[in-house]
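Below is one structure; the comments refer to it alone.
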Amino acid sequence: MLLLHPGITAVVVIMTPLSLFVAKFISTHTHDMFRLQSETRGQQTAFIDEMVNNQKVVQAFCHEDENMTAFDEINARLSKYSLRATFFSSLTNPGTRFVNNTVYAAVALVGGFAAINGSITAGILSSFLSYVNQYTKPFNEISGVITELQNALTCAGRIFELIEEPAQVSDEGNAELTKVRGEVSLQNVSFSYVPEVSLIEHLNLNVAHGKRVAIVGPTGCGKTTLINLLMRFYDVNEGSISVDGSDIREVTRHSLRKHYGMVLQETWLKNGTVRENLCMGKPDATEEEMIIAAKASHAHSFIKRLPQGYDTLLSEDGGSLSQGQKQLLCIARVMLCLPPMLILDEATSSIDTRTELKIQDAFARMMKGRTSFIVAHRLSTIRDADVILVMKDGHIIEQGNHASLLQKGGFYSKLYYSQFEG
C-alpha cells in the first residue's frame, strides 16, 4: 500500500487502530460484569452443594420453600449478570467491524477522488481496497477473541486468589521424629486464627511420658485448637511445642502425625471395605490383630452382622451405618495401630452410655503407658485422668486431678456439678 499511494496508506494506518480502542473500551466495561457473573455462579454452586449435602436438616426444619426462594434470587442475579456480560461483550466484534468498514469507505472515498484527479488508476484503487480488507481482517479476529479472553481472565482471577494464598510452610529437609516416648512440652504458646481476635495466649504445659491429660472448658475456649497445634495442622504464632525435646516445626509433619492416634467427634470413613478402613493406619495388620482391635472397641459384633462381615463395602462416609457404629470403627482403627501418643476429642460422643462404659475400660488399657490428650464435655468420662486442664478464653485457669479440683470449688467444680443438677 505504501508503494501504491503513501497518502491513502496513512489514512488506513491512522484509522484502523481505532477498532482496538473500541474493543478495549467495551471489554473494560464488561470485565466487571464477567466478574459479577463468575462470583454469582460460585455462590450458586456453593448454595446447591450445601443444601443437597444437608438435605435432611432442611427437610427437618421445613425450610424447602425458603431455600427455593433463595435459589431463585441467586439464579435471577446470575441470569441478569450473564445477559449483561454476553450482550455488551457481543458489541465488541460489530464495533470493530463498523470501524474497519468506515476505514474501507474512507479509503474508497479518498481513492475515488484520487482516481478522478488521475493520481491513481482504477486498477490500483481496486488493489488498494483488497489490501485494506486483508489489513483489517486480523483486527476483526483479534476483537472476536477479546470477549472470551475477558471471561477467561475473570475466572483465572478467582483461581489465582486461591493459588496466591500463603502456602503451608514446607518441612522438606527437616529431621524425622523416631523412637517417641511421648514427652510433650508447650512453652509460651500463642495462637489465633485471625490476627485481630486473640485465642490462645502464653500457654505453658509440660506432659510427662504416659500421663493422661484431660482438657475441659466451655465451647470456644481453645480445646480443639490446642489439639490442632499438637498435630501441627497449624503452626504456633509464638512460642514452641516440642515432643521428646524436639521442636515439632523442625521435624516432618508425617513423622510427627504417625506417632499420634486420633479419634475425633466427626467420624470419617473412606469408600472401601470395613477391613480397609480399619487397617488404614496399619496396612500390614494381620486378621487376628484386626479382630482383637474390633472386639476391644465393641465393633466386632455389629461387623459380623453386616452382609459380608469385614469385607462389606462401605460407601463414602460410612453409608448406612449409624453415627455410633462409625465412631466405633474409628476407635478400632486407632486401637489397631496403637501409637505412642493418643488424642481423643469427644471420642464417645455418639455412643450409647452402656457401650461407652465398656469402651472406657478399653481406652484405659490402651492409654496405659501412652501419653494421652482427652477432650470431653461429659466430665464424668475424665475423672480418672492424671491431670485435668481447665481452659477458658485460651488460658489454663485451673490444673489438677478430679478430686483436688472439686475440693478447690472453682470453675471446674461449677462445670462438673452443673451437669448433675436437677
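Simple scheme: letters A, B, ... for chains in C-alpha cells order, numbers from 1 for residues in each chain, numbers from 1 for ligands in the order shown.
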
Problem set entry | Exercise: Asn101 of chain A partners within 10 Å, only C-alpha atoms, chain neighbours under 4 positions left out, as a list in words |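 Answer for this query is Thr16, Gly95, Thr96, Arg97, Ala105, Ala106, Val107, Val132, Asn133 and Thr136 of chain A.
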
Which polymer residues have any atom within 8 Å of an atom of segment 23-35 of chain A, counting only C-alpha atoms, with same-chain residues fewer than 4 positions away left out, as a PDB file with all heavy atoms, in the first residue's frame?
```
ATOM      1  N   SER A  19     -10.264   0.575  15.951  1.00  0.00           N
ATOM      2  CA  SER A  19     -11.053  -0.627  16.264  1.00  0.00           C
ATOM      3  C   SER A  19     -10.569  -1.275  17.558  1.00  0.00           C
ATOM      4  O   SER A  19     -11.364  -1.820  18.338  1.00  0.00           O
ATOM      5  CB  SER A  19     -10.980  -1.629  15.105  1.00  0.00           C
ATOM      6  OG  SER A  19      -9.643  -2.079  14.923  1.00  0.00           O
ATOM      7  N   GLU A  39     -18.613 -14.610  40.198  1.00  0.00           N
ATOM      8  CA  GLU A  39     -18.848 -14.669  41.641  1.00  0.00           C
ATOM      9  C   GLU A  39     -20.224 -15.243  41.951  1.00  0.00           C
ATOM     10  O   GLU A  39     -20.375 -16.064  42.866  1.00  0.00           O
ATOM     11  CB  GLU A  39     -18.707 -13.272  42.254  1.00  0.00           C
ATOM     12  CG  GLU A  39     -17.273 -12.739  42.261  1.00  0.00           C
ATOM     13  CD  GLU A  39     -17.187 -11.327  42.793  1.00  0.00           C
ATOM     14  OE1 GLU A  39     -18.273 -10.729  43.056  1.00  0.00           O
ATOM     15  OE2 GLU A  39     -16.068 -10.806  42.941  1.00  0.00           O
ATOM     16  N   TYR A  81     -26.697 -10.919  35.313  1.00  0.00           N
ATOM     17  CA  TYR A  81     -25.288 -10.607  35.046  1.00  0.00           C
ATOM     18  C   TYR A  81     -24.803 -11.303  33.780  1.00  0.00           C
ATOM     19  O   TYR A  81     -24.030 -10.735  33.000  1.00  0.00           O
ATOM     20  CB  TYR A  81     -24.421 -11.023  36.236  1.00  0.00           C
ATOM     21  CG  TYR A  81     -24.693 -10.247  37.499  1.00  0.00           C
ATOM     22  CD1 TYR A  81     -24.640 -10.864  38.748  1.00  0.00           C
ATOM     23  CD2 TYR A  81     -25.029  -8.897  37.452  1.00  0.00           C
ATOM     24  CE1 TYR A  81     -24.901 -10.164  39.913  1.00  0.00           C
ATOM     25  CE2 TYR A  81     -25.291  -8.183  38.616  1.00  0.00           C
ATOM     26  CZ  TYR A  81     -25.226  -8.826  39.842  1.00  0.00           C
ATOM     27  OH  TYR A  81     -25.474  -8.123  40.983  1.00  0.00           O
ATOM     28  N   SER A  82     -25.257 -12.533  33.546  1.00  0.00           N
ATOM     29  CA  SER A  82     -24.837 -13.274  32.351  1.00  0.00           C
ATOM     30  C   SER A  82     -25.354 -12.599  31.094  1.00  0.00           C
ATOM     31  O   SER A  82     -24.643 -12.485  30.090  1.00  0.00           O
ATOM     32  CB  SER A  82     -25.333 -14.716  32.408  1.00  0.00           C
ATOM     33  OG  SER A  82     -24.807 -15.388  33.529  1.00  0.00           O
ATOM     34  N   ARG A  84     -26.177  -9.403  30.720  1.00  0.00           N
ATOM     35  CA  ARG A  84     -25.459  -8.146  30.500  1.00  0.00           C
ATOM     36  C   ARG A  84     -24.059  -8.404  29.939  1.00  0.00           C
ATOM     37  O   ARG A  84     -23.626  -7.736  28.993  1.00  0.00           O
ATOM     38  CB  ARG A  84     -25.357  -7.366  31.812  1.00  0.00           C
ATOM     39  CG  ARG A  84     -26.678  -6.748  32.265  1.00  0.00           C
ATOM     40  CD  ARG A  84     -26.469  -5.959  33.542  1.00  0.00           C
ATOM     41  NE  ARG A  84     -27.705  -5.339  33.997  1.00  0.00           N
ATOM     42  CZ  ARG A  84     -27.798  -4.613  35.117  1.00  0.00           C
ATOM     43  NH1 ARG A  84     -26.722  -4.438  35.881  1.00  0.00           N
ATOM     44  NH2 ARG A  84     -28.942  -4.076  35.461  1.00  0.00           N
ATOM     45  N   ALA A  85     -23.354  -9.367  30.566  1.00  0.00           N
ATOM     46  CA  ALA A  85     -21.987  -9.654  30.126  1.00  0.00           C
ATOM     47  C   ALA A  85     -21.981 -10.130  28.676  1.00  0.00           C
ATOM     48  O   ALA A  85     -21.148  -9.689  27.864  1.00  0.00           O
ATOM     49  CB  ALA A  85     -21.351 -10.706  31.029  1.00  0.00           C
ATOM     50  N   PHE A  88     -23.204  -7.016  26.158  1.00  0.00           N
ATOM     51  CA  PHE A  88     -22.229  -5.943  25.928  1.00  0.00           C
ATOM     52  C   PHE A  88     -20.936  -6.473  25.305  1.00  0.00           C
ATOM     53  O   PHE A  88     -20.304  -5.792  24.505  1.00  0.00           O
ATOM     54  CB  PHE A  88     -21.933  -5.224  27.242  1.00  0.00           C
ATOM     55  CG  PHE A  88     -23.059  -4.338  27.695  1.00  0.00           C
ATOM     56  CD1 PHE A  88     -23.883  -4.697  28.752  1.00  0.00           C
ATOM     57  CD2 PHE A  88     -23.324  -3.141  27.040  1.00  0.00           C
ATOM     58  CE1 PHE A  88     -24.929  -3.888  29.155  1.00  0.00           C
ATOM     59  CE2 PHE A  88     -24.372  -2.325  27.436  1.00  0.00           C
ATOM     60  CZ  PHE A  88     -25.178  -2.699  28.498  1.00  0.00           C
ATOM     61  N   SER A  89     -20.537  -7.687  25.699  1.00  0.00           N
ATOM     62  CA  SER A  89     -19.325  -8.241  25.085  1.00  0.00           C
ATOM     63  C   SER A  89     -19.565  -8.570  23.613  1.00  0.00           C
ATOM     64  O   SER A  89     -18.635  -8.543  22.807  1.00  0.00           O
ATOM     65  CB  SER A  89     -18.878  -9.504  25.832  1.00  0.00           C
ATOM     66  OG  SER A  89     -19.858 -10.518  25.735  1.00  0.00           O
ATOM     67  N   LEU A  91     -21.012  -6.728  21.623  1.00  0.00           N
ATOM     68  CA  LEU A  91     -20.883  -5.492  20.853  1.00  0.00           C
ATOM     69  C   LEU A  91     -19.461  -5.295  20.331  1.00  0.00           C
ATOM     70  O   LEU A  91     -19.232  -4.467  19.440  1.00  0.00           O
ATOM     71  CB  LEU A  91     -21.267  -4.291  21.723  1.00  0.00           C
ATOM     72  CG  LEU A  91     -22.723  -4.187  22.178  1.00  0.00           C
ATOM     73  CD1 LEU A  91     -22.894  -2.984  23.096  1.00  0.00           C
ATOM     74  CD2 LEU A  91     -23.668  -4.083  20.994  1.00  0.00           C
ATOM     75  N   THR A  92     -18.508  -6.014  20.907  1.00  0.00           N
ATOM     76  CA  THR A  92     -17.096  -5.792  20.562  1.00  0.00           C
ATOM     77  C   THR A  92     -16.830  -6.040  19.086  1.00  0.00           C
ATOM     78  O   THR A  92     -16.288  -5.178  18.372  1.00  0.00           O
ATOM     79  CB  THR A  92     -16.188  -6.700  21.410  1.00  0.00           C
ATOM     80  OG1 THR A  92     -16.485  -6.516  22.784  1.00  0.00           O
ATOM     81  CG2 THR A  92     -14.727  -6.364  21.172  1.00  0.00           C
ATOM     82  N   ASN A  93     -17.217  -7.211  18.610  1.00  0.00           N
ATOM     83  CA  ASN A  93     -16.918  -7.548  17.220  1.00  0.00           C
ATOM     84  C   ASN A  93     -17.665  -6.655  16.228  1.00  0.00           C
ATOM     85  O   ASN A  93     -17.038  -6.136  15.280  1.00  0.00           O
ATOM     86  CB  ASN A  93     -17.227  -9.025  16.979  1.00  0.00           C
ATOM     87  CG  ASN A  93     -16.638  -9.532  15.676  1.00  0.00           C
ATOM     88  OD1 ASN A  93     -17.326  -9.601  14.674  1.00  0.00           O
ATOM     89  ND2 ASN A  93     -15.345  -9.882  15.702  1.00  0.00           N
ATOM     90  N   GLY A  95     -18.585  -3.653  16.755  1.00  0.00           N
ATOM     91  CA  GLY A  95     -17.982  -2.319  16.873  1.00  0.00           C
ATOM     92  C   GLY A  95     -16.710  -2.194  16.053  1.00  0.00           C
ATOM     93  O   GLY A  95     -16.501  -1.201  15.335  1.00  0.00           O
ATOM     94  N   THR A  96     -15.867  -3.208  16.143  1.00  0.00           N
ATOM     95  CA  THR A  96     -14.611  -3.163  15.382  1.00  0.00           C
ATOM     96  C   THR A  96     -14.881  -3.292  13.887  1.00  0.00           C
ATOM     97  O   THR A  96     -14.202  -2.652  13.065  1.00  0.00           O
ATOM     98  CB  THR A  96     -13.666  -4.290  15.834  1.00  0.00           C
ATOM     99  OG1 THR A  96     -14.338  -5.552  15.707  1.00  0.00           O
ATOM    100  CG2 THR A  96     -13.233  -4.090  17.275  1.00  0.00           C
ATOM    101  N   SER A 143     -10.437  -8.819  17.855  1.00  0.00           N
ATOM    102  CA  SER A 143     -11.566  -8.334  18.658  1.00  0.00           C
ATOM    103  C   SER A 143     -12.549  -9.454  18.968  1.00  0.00           C
ATOM    104  O   SER A 143     -13.245  -9.430  19.986  1.00  0.00           O
ATOM    105  CB  SER A 143     -12.282  -7.204  17.910  1.00  0.00           C
ATOM    106  OG  SER A 143     -12.874  -7.690  16.717  1.00  0.00           O
ATOM    107  N   ILE A 146     -11.397 -11.158  22.153  1.00  0.00           N
ATOM    108  CA  ILE A 146     -11.248 -10.315  23.353  1.00  0.00           C
ATOM    109  C   ILE A 146     -12.318 -10.651  24.384  1.00  0.00           C
ATOM    110  O   ILE A 146     -12.064 -10.703  25.585  1.00  0.00           O
ATOM    111  CB  ILE A 146     -11.283  -8.812  22.969  1.00  0.00           C
ATOM    112  CG1 ILE A 146      -9.935  -8.397  22.379  1.00  0.00           C
ATOM    113  CG2 ILE A 146     -11.611  -7.942  24.182  1.00  0.00           C
ATOM    114  CD1 ILE A 146      -9.851  -6.945  21.966  1.00  0.00           C
ATOM    115  N   THR A 147     -13.544 -10.904  23.912  1.00  0.00           N
ATOM    116  CA  THR A 147     -14.637 -11.249  24.823  1.00  0.00           C
ATOM    117  C   THR A 147     -14.322 -12.531  25.592  1.00  0.00           C
ATOM    118  O   THR A 147     -14.445 -12.581  26.820  1.00  0.00           O
ATOM    119  CB  THR A 147     -15.946 -11.440  24.033  1.00  0.00           C
ATOM    120  OG1 THR A 147     -16.255 -10.225  23.375  1.00  0.00           O
ATOM    121  CG2 THR A 147     -17.080 -11.824  24.969  1.00  0.00           C
ATOM    122  N   GLN A 150     -11.596 -11.874  28.115  1.00  0.00           N
ATOM    123  CA  GLN A 150     -12.050 -11.188  29.335  1.00  0.00           C
ATOM    124  C   GLN A 150     -12.713 -12.167  30.300  1.00  0.00           C
ATOM    125  O   GLN A 150     -12.476 -12.128  31.507  1.00  0.00           O
ATOM    126  CB  GLN A 150     -13.045 -10.072  28.967  1.00  0.00           C
ATOM    127  CG  GLN A 150     -12.409  -8.828  28.383  1.00  0.00           C
ATOM    128  CD  GLN A 150     -11.544  -8.103  29.396  1.00  0.00           C
ATOM    129  OE1 GLN A 150     -11.828  -8.098  30.585  1.00  0.00           O
ATOM    130  NE2 GLN A 150     -10.472  -7.515  28.925  1.00  0.00           N
ATOM    131  N   ASN A 151     -13.539 -13.051  29.763  1.00  0.00           N
ATOM    132  CA  ASN A 151     -14.199 -14.058  30.604  1.00  0.00           C
ATOM    133  C   ASN A 151     -13.167 -14.989  31.236  1.00  0.00           C
ATOM    134  O   ASN A 151     -13.240 -15.321  32.423  1.00  0.00           O
ATOM    135  CB  ASN A 151     -15.187 -14.851  29.745  1.00  0.00           C
ATOM    136  CG  ASN A 151     -16.147 -15.659  30.589  1.00  0.00           C
ATOM    137  OD1 ASN A 151     -16.150 -15.562  31.825  1.00  0.00           O
ATOM    138  ND2 ASN A 151     -16.963 -16.477  29.949  1.00  0.00           N
ATOM    139  N   THR A 154     -11.252 -13.233  34.035  1.00  0.00           N
ATOM    140  CA  THR A 154     -12.066 -13.098  35.247  1.00  0.00           C
ATOM    141  C   THR A 154     -12.074 -14.404  36.035  1.00  0.00           C
ATOM    142  O   THR A 154     -11.899 -14.410  37.258  1.00  0.00           O
ATOM    143  CB  THR A 154     -13.510 -12.707  34.877  1.00  0.00           C
ATOM    144  OG1 THR A 154     -13.485 -11.510  34.100  1.00  0.00           O
ATOM    145  CG2 THR A 154     -14.338 -12.477  36.125  1.00  0.00           C
ATOM    146  N   CYS A 155     -12.281 -15.511  35.330  1.00  0.00           N
ATOM    147  CA  CYS A 155     -12.280 -16.819  36.004  1.00  0.00           C
ATOM    148  C   CYS A 155     -10.883 -17.140  36.550  1.00  0.00           C
ATOM    149  O   CYS A 155     -10.739 -17.687  37.645  1.00  0.00           O
ATOM    150  CB  CYS A 155     -12.726 -17.904  35.038  1.00  0.00           C
ATOM    151  SG  CYS A 155     -14.434 -17.723  34.481  1.00  0.00           S
TER     152      CYS A 155
END
```

Problem set entry | Near-Ser404 of chain A list (12 Å; only C-alpha atoms; drop same-chain fewer than 3 positions) as a PyMOL selection string | chain A and resi 383+386-388+398-401+407-410+412-413

Exercise. Which of segment 207-397 of chain A counts as strand (DSSP E or B) under DSSP, as a PyMOL selection string please?
Worked result: chain A and resi 207+212-216+238-243+246-247+251+260-263+272-273+313-314+341-345+371-375+387-392+395-397

For this session: Would you kindly return, as a ChimeraX atom specification, each protein, DNA or RNA residue with an atom no farther than 10 Å from any atom of segment 173-184 of chain A, considering only C-alpha atoms and excluding same-chain residues fewer than 4 positions away?
Result: /A:205-211,230,241-260,339-342,369-372
